[in-house]
Amino acid sequence: MANNPENSFVLRTKDVFLSFGAVTAADNLNIEVSAGELVGIVGANGSGKTTFLNLITGYLKPEHGSILVMGQETTGMPPRLVTKLGVARSFQVPQLYTNLSVHESMLLSLAAESGKGGGFWKPLHRDPWEQQGMETLERFGLETYADRPVSELPGGGRKLLDIALSFALKPKLLLMDEPTSGVSVENKFQVMDTLVNVLKESDITTIFVEHDMEVVQRYGRRVLAFDNGSVIADGEPEHVLADPEVRTAVLGRV
Amino acid sequence: MSLLAIPRMALVACALLFVIPLIVPGWIMFVLTKALFMFIGVLGVAVLLRGGLLTFGHALFYATGAYTVGFCVKWTGVHELLLLIPLGALAGFIMAVLVGLIMARYREVFFAMLNLAFSMILFGALLKFYWVTGGTDGLATGTATLLGNPLLAGSFGYYYFTLAVAGVVTFVVYRYMASPIGYFLRAVYDNEIRIEYSGMAVRQVVYRTFILAGTLGGVSGVMAAFTIGHIVPEDAFWIQSGEFVFMALLGGFGGLPGPLMGAIAFEFIQTYASKYFPLAWQMTLGIIMLGIILFQPGGLWAMYQSAVKWIGRGGRGGEQS
């Protein structure tokens, strides 16, 4: 097993294809991501970035091709089972429990991660979850909001909590969909600095989709450029983002 | 915060419910007994409502519990509460396990109406199989026994036994709501996508809660059968289910005291309204429900909480820093 080349990649897609009518959202994608990588995905609207995340997490099924996570075939698995295999994601529009407090939301992620989310007798508010929950919130700079309802969080805080809830699942692969969208220009680097520091400490393989070229250039160590469901460039940020084809496809100008 | 407040509230409620029968006329104690067993059923409806799951068919489980008593009395002559309560709970549990397999797949209006459909099927069956069920005449349940000793409905002993059952049930529901699955249930109302992306199955959360609610309905039905002394197919009818929902909304489902307040208020409103407005008591209930929805959607429990806050501010309006 240890020598199986499939196991050396955290994520591997083979000829993954999906179309929505006449629009090809994933055009025979062959992407390999190794452990510890921080990969940024860029592309214009409709280029297939979010579709790619939805395919990996099982929200969408490819028409053909296969997806392997840690060497295990996940094609066709529902999001819940893919999550259990160690793939967590955050969303472009944060998916939060708006009627719970920030801390309670965190406790639910920890309970789910421990496999005791279905427990019906022992309380949710208990150690070690209480302590781990506060520690995770501190790492994301959200501890001051711990007892506040999620609905009272500012935009940047909502983005961070969405990612923190995924992070608490202790994933091997973390997918972030536009982590700075909806965050003010002044705060976007602060949000990304927080995220990158936490991820670096935890050594989690991360793929993030981002519209903002500045963010991708600054934080991505590898960039994939998408256009019409295909990867048109793959490499270091300075090379990919300087590519005229990429600039035309992503920015609409060279 | 509200969860921490519940045990104190529960103690106060228990103390009041313990003392009141000693100082009020016997008929009030009977109304309170009725409110207590209805409360057990309303708790199930209220717990489901916490997950945004409205059911118009909870009488399915209530009638299952009641007819469990009816059949046991008819065929075996057993009247023992300590045997029939677990048996009624088991009957409600099994019914919920079966019906829940389908119910857990649906939400909103389909969830509400599908449960209603199941209860109406049971209602029809109770009417049609009259040689077993007694049809429209129903079945008499006689007097309950506790450890072999007769326990007459309307007696102090019967009241305090019902209170004890209600107390145990409340404790179980309290633990459930404070547990991970209780919080996941609240989260079902909020965001099912995030639950699935946490690796939890939303359907399992709904299914298990539905089974809990069904079991509570069964217990409620057992106590109803002996309190009233007679069971009829109308126990499975949609009006009975509507009463459960009415009580849950009247008391509020934001905390466990709400269903108790709702059940007690409903029983007294019904008693007094039918006495003073015999031709318009349903209209009285309607007007009260209208008032609750328009002015205090959180029900009597939320009204109580607002009053406590208002008193805490010294009776002044506005926000205090």
# chains A, B, ... in the order shown; residues from 1 in each chain; ligands from 1
>>> residues_around(residues="Phe123 (chain B)", least_positions_apart="3", cutoff="8 Å", atoms="only C-alpha atoms", output="list of chain:residue names")
B:Ser119, B:Met120, B:Leu126, B:Leu127, B:Pro233, B:Glu234, B:Asp235, B:Ala236, B:Phe237
>>> select_by_dssp(residues="region 7-215 of chain A", states="helix (DSSP H, G or I)", output="PyMOL selection string")
chain A and resi 7-8+49-56+79-84+102-114+129-139+143-145+150-152+155-167+185-202+213-215
>>> write_last_selection(atoms="C-alpha atoms", output="compact mmCIF listing (two decimals), in the first residue's frame")
# COMPACT_ATOMS: atom_id res chain seq x y z
CA ASN A 7 -1.29 7.20 -2.18
CA SER A 8 1.41 9.80 -2.70
CA LYS A 49 -13.57 26.66 -10.40
CA THR A 50 -16.43 26.06 -7.99
CA THR A 51 -17.61 23.08 -10.08
CA PHE A 52 -14.19 21.55 -9.45
CA LEU A 53 -14.67 21.92 -5.67
CA ASN A 54 -18.21 20.57 -5.95
CA LEU A 55 -16.91 17.54 -7.84
CA ILE A 56 -14.21 16.79 -5.27
CA PRO A 79 -20.48 15.03 0.60
CA ARG A 80 -20.98 13.51 4.06
CA LEU A 81 -18.83 10.47 3.27
CA VAL A 82 -16.20 12.49 1.42
CA THR A 83 -15.99 14.74 4.49
CA LYS A 84 -15.47 11.69 6.68
CA VAL A 102 -20.11 30.96 17.48
CA HIS A 103 -18.81 28.61 20.18
CA GLU A 104 -21.74 26.19 19.85
CA SER A 105 -21.17 26.03 16.10
CA MET A 106 -17.56 25.11 16.76
CA LEU A 107 -18.57 22.46 19.29
CA LEU A 108 -20.80 20.83 16.65
CA SER A 109 -17.86 20.52 14.26
CA LEU A 110 -15.75 18.97 17.01
CA ALA A 111 -18.55 16.57 17.98
CA ALA A 112 -18.98 15.53 14.34
CA GLU A 113 -15.23 15.05 13.93
CA SER A 114 -15.07 12.81 16.98
CA TRP A 129 -14.57 19.98 23.11
CA GLU A 130 -15.08 23.15 25.16
CA GLN A 131 -11.35 23.69 25.43
CA GLN A 132 -10.55 22.66 21.85
CA GLY A 133 -13.37 24.88 20.59
CA MET A 134 -11.99 27.97 22.34
CA GLU A 135 -8.47 27.17 21.16
CA THR A 136 -9.62 26.91 17.55
CA LEU A 137 -11.58 30.16 17.83
CA GLU A 138 -8.47 31.84 19.26
CA ARG A 139 -6.36 30.62 16.33
CA GLU A 143 -12.61 34.22 20.56
CA THR A 144 -14.21 37.59 21.35
CA TYR A 145 -17.31 36.49 19.47
CA VAL A 150 -23.43 33.76 14.53
CA SER A 151 -25.89 36.19 12.97
CA GLU A 152 -24.05 39.07 14.70
CA GLY A 155 -18.53 39.69 7.02
CA GLY A 156 -14.87 38.82 7.60
CA GLY A 157 -15.76 36.97 10.80
CA ARG A 158 -18.38 34.91 8.97
CA LYS A 159 -15.81 33.89 6.36
CA LEU A 160 -13.31 32.94 9.06
CA LEU A 161 -15.88 30.97 11.04
CA ASP A 162 -16.97 29.08 7.92
CA ILE A 163 -13.34 28.05 7.39
CA ALA A 164 -12.76 27.43 11.13
CA LEU A 165 -15.73 25.01 11.19
CA SER A 166 -14.11 23.08 8.34
CA PHE A 167 -10.70 23.28 9.99
CA VAL A 185 -10.37 45.51 0.87
CA GLU A 186 -8.70 46.58 4.13
CA ASN A 187 -9.40 43.23 5.78
CA LYS A 188 -8.74 40.74 3.00
CA PHE A 189 -5.00 40.41 3.66
CA GLN A 190 -5.62 40.19 7.39
CA VAL A 191 -8.09 37.33 6.79
CA MET A 192 -5.64 35.56 4.47
CA ASP A 193 -2.69 36.08 6.84
CA THR A 194 -4.70 34.46 9.63
CA LEU A 195 -5.70 31.56 7.41
CA VAL A 196 -2.28 30.90 5.95
CA ASN A 197 -0.64 30.99 9.40
CA VAL A 198 -3.12 28.50 10.83
CA LEU A 199 -2.80 26.21 7.82
CA LYS A 200 0.99 26.36 7.88
CA GLU A 201 1.05 25.31 11.54
CA SER A 202 -1.33 22.43 10.84
CA MET A 213 -5.25 38.01 -8.39
CA GLU A 214 -3.36 39.92 -5.71
CA VAL A 215 -4.39 37.37 -3.10
>>> residues_around(residues="Leu185 (chain B)", least_positions_apart="6", cutoff="10 Å", atoms="only C-alpha atoms", output="list in words")
Val47, Leu48, Leu49, Arg50, Gly51, Gly52, Leu53, Tyr176, Met177, Ser179, Glu192, Ile195, Val202, Gln204, Val205, Val206, Arg208 and Thr209 of chain B
>>> atom_distance(atom1="CA of Ser90 (chain A)", atom2="CA of Phe140 (chain A)")
14.2 Å
>>> interface_residues(of="chain B", to="chain A", cutoff="6 Å", atoms="only C-alpha atoms", output="compact mmCIF listing (two decimals) with C-alpha atoms, in the first residue's frame")
# COMPACT_ATOMS: atom_id res chain seq x y z
CA ARG B 175 -30.67 15.74 28.17
CA TYR B 176 -31.49 15.13 24.51
CA ALA B 178 -28.44 19.59 25.55
CA SER B 179 -26.60 16.77 23.73
CA PRO B 180 -24.80 17.02 20.37
CA ILE B 181 -27.82 15.65 18.49
CA ALA B 187 -28.95 23.31 13.19
CA ASP B 190 -30.56 26.66 10.22
CA ASN B 191 -28.38 24.99 7.66
CA ARG B 194 -23.21 22.70 6.82
CA GLU B 196 -23.73 17.32 5.78
CA TYR B 197 -20.35 18.96 5.19
CA GLY B 199 -19.83 14.52 8.08
>>> closest_residue(among="B:Ala224, B:Ile23, B:Leu250, B:Val173", to="Phe295 (chain B)", atoms="only C-alpha atoms")
B:Leu250
>>> residues_around(residues="region 300-303 of chain B", least_positions_apart="3", cutoff="7 Å", atoms="only C-alpha atoms", output="PyMOL selection string")
chain B and resi 250-252+257-258+261+296+306-307
>>> write_last_selection(atoms="C-alpha atoms", output="short mmCIF file (atom, residue, chain, number, x, y, z; two decimals), in the first residue's frame")
data_model
loop_
_atom_site.label_atom_id
_atom_site.label_comp_id
_atom_site.auth_asym_id
_atom_site.auth_seq_id
_atom_site.Cartn_x
_atom_site.Cartn_y
_atom_site.Cartn_z
CA LEU B 250 -49.42 28.67 22.68
CA GLY B 251 -46.68 27.87 25.17
CA GLY B 252 -43.79 28.37 22.76
CA PRO B 257 -41.24 25.13 29.97
CA GLY B 258 -43.18 26.35 26.90
CA MET B 261 -47.33 26.26 29.90
CA GLN B 296 -45.92 37.07 20.91
CA SER B 306 -39.91 39.27 28.42
CA ALA B 307 -41.77 40.02 31.65
#
>>> residues_around(residues="region 227-242 of chain A", least_positions_apart="2", cutoff="8 Å", atoms="only C-alpha atoms", output="ChimeraX atom specification")
/A:23-29,43-44,46-49,213,216-217,220-225,244-247,249-250
>>> residues_around(residues="Thr75 (chain A)", least_positions_apart="3", cutoff="9 Å", atoms="only C-alpha atoms", output="MDAnalysis selection string")
chainID A and resid 55:56 58 61:62 65:68 78
>>> residues_around(residues="Ile94 (chain B)", least_positions_apart="6", cutoff="9 Å", atoms="only C-alpha atoms", output="number ranges by chain")
B: 211, 214-215
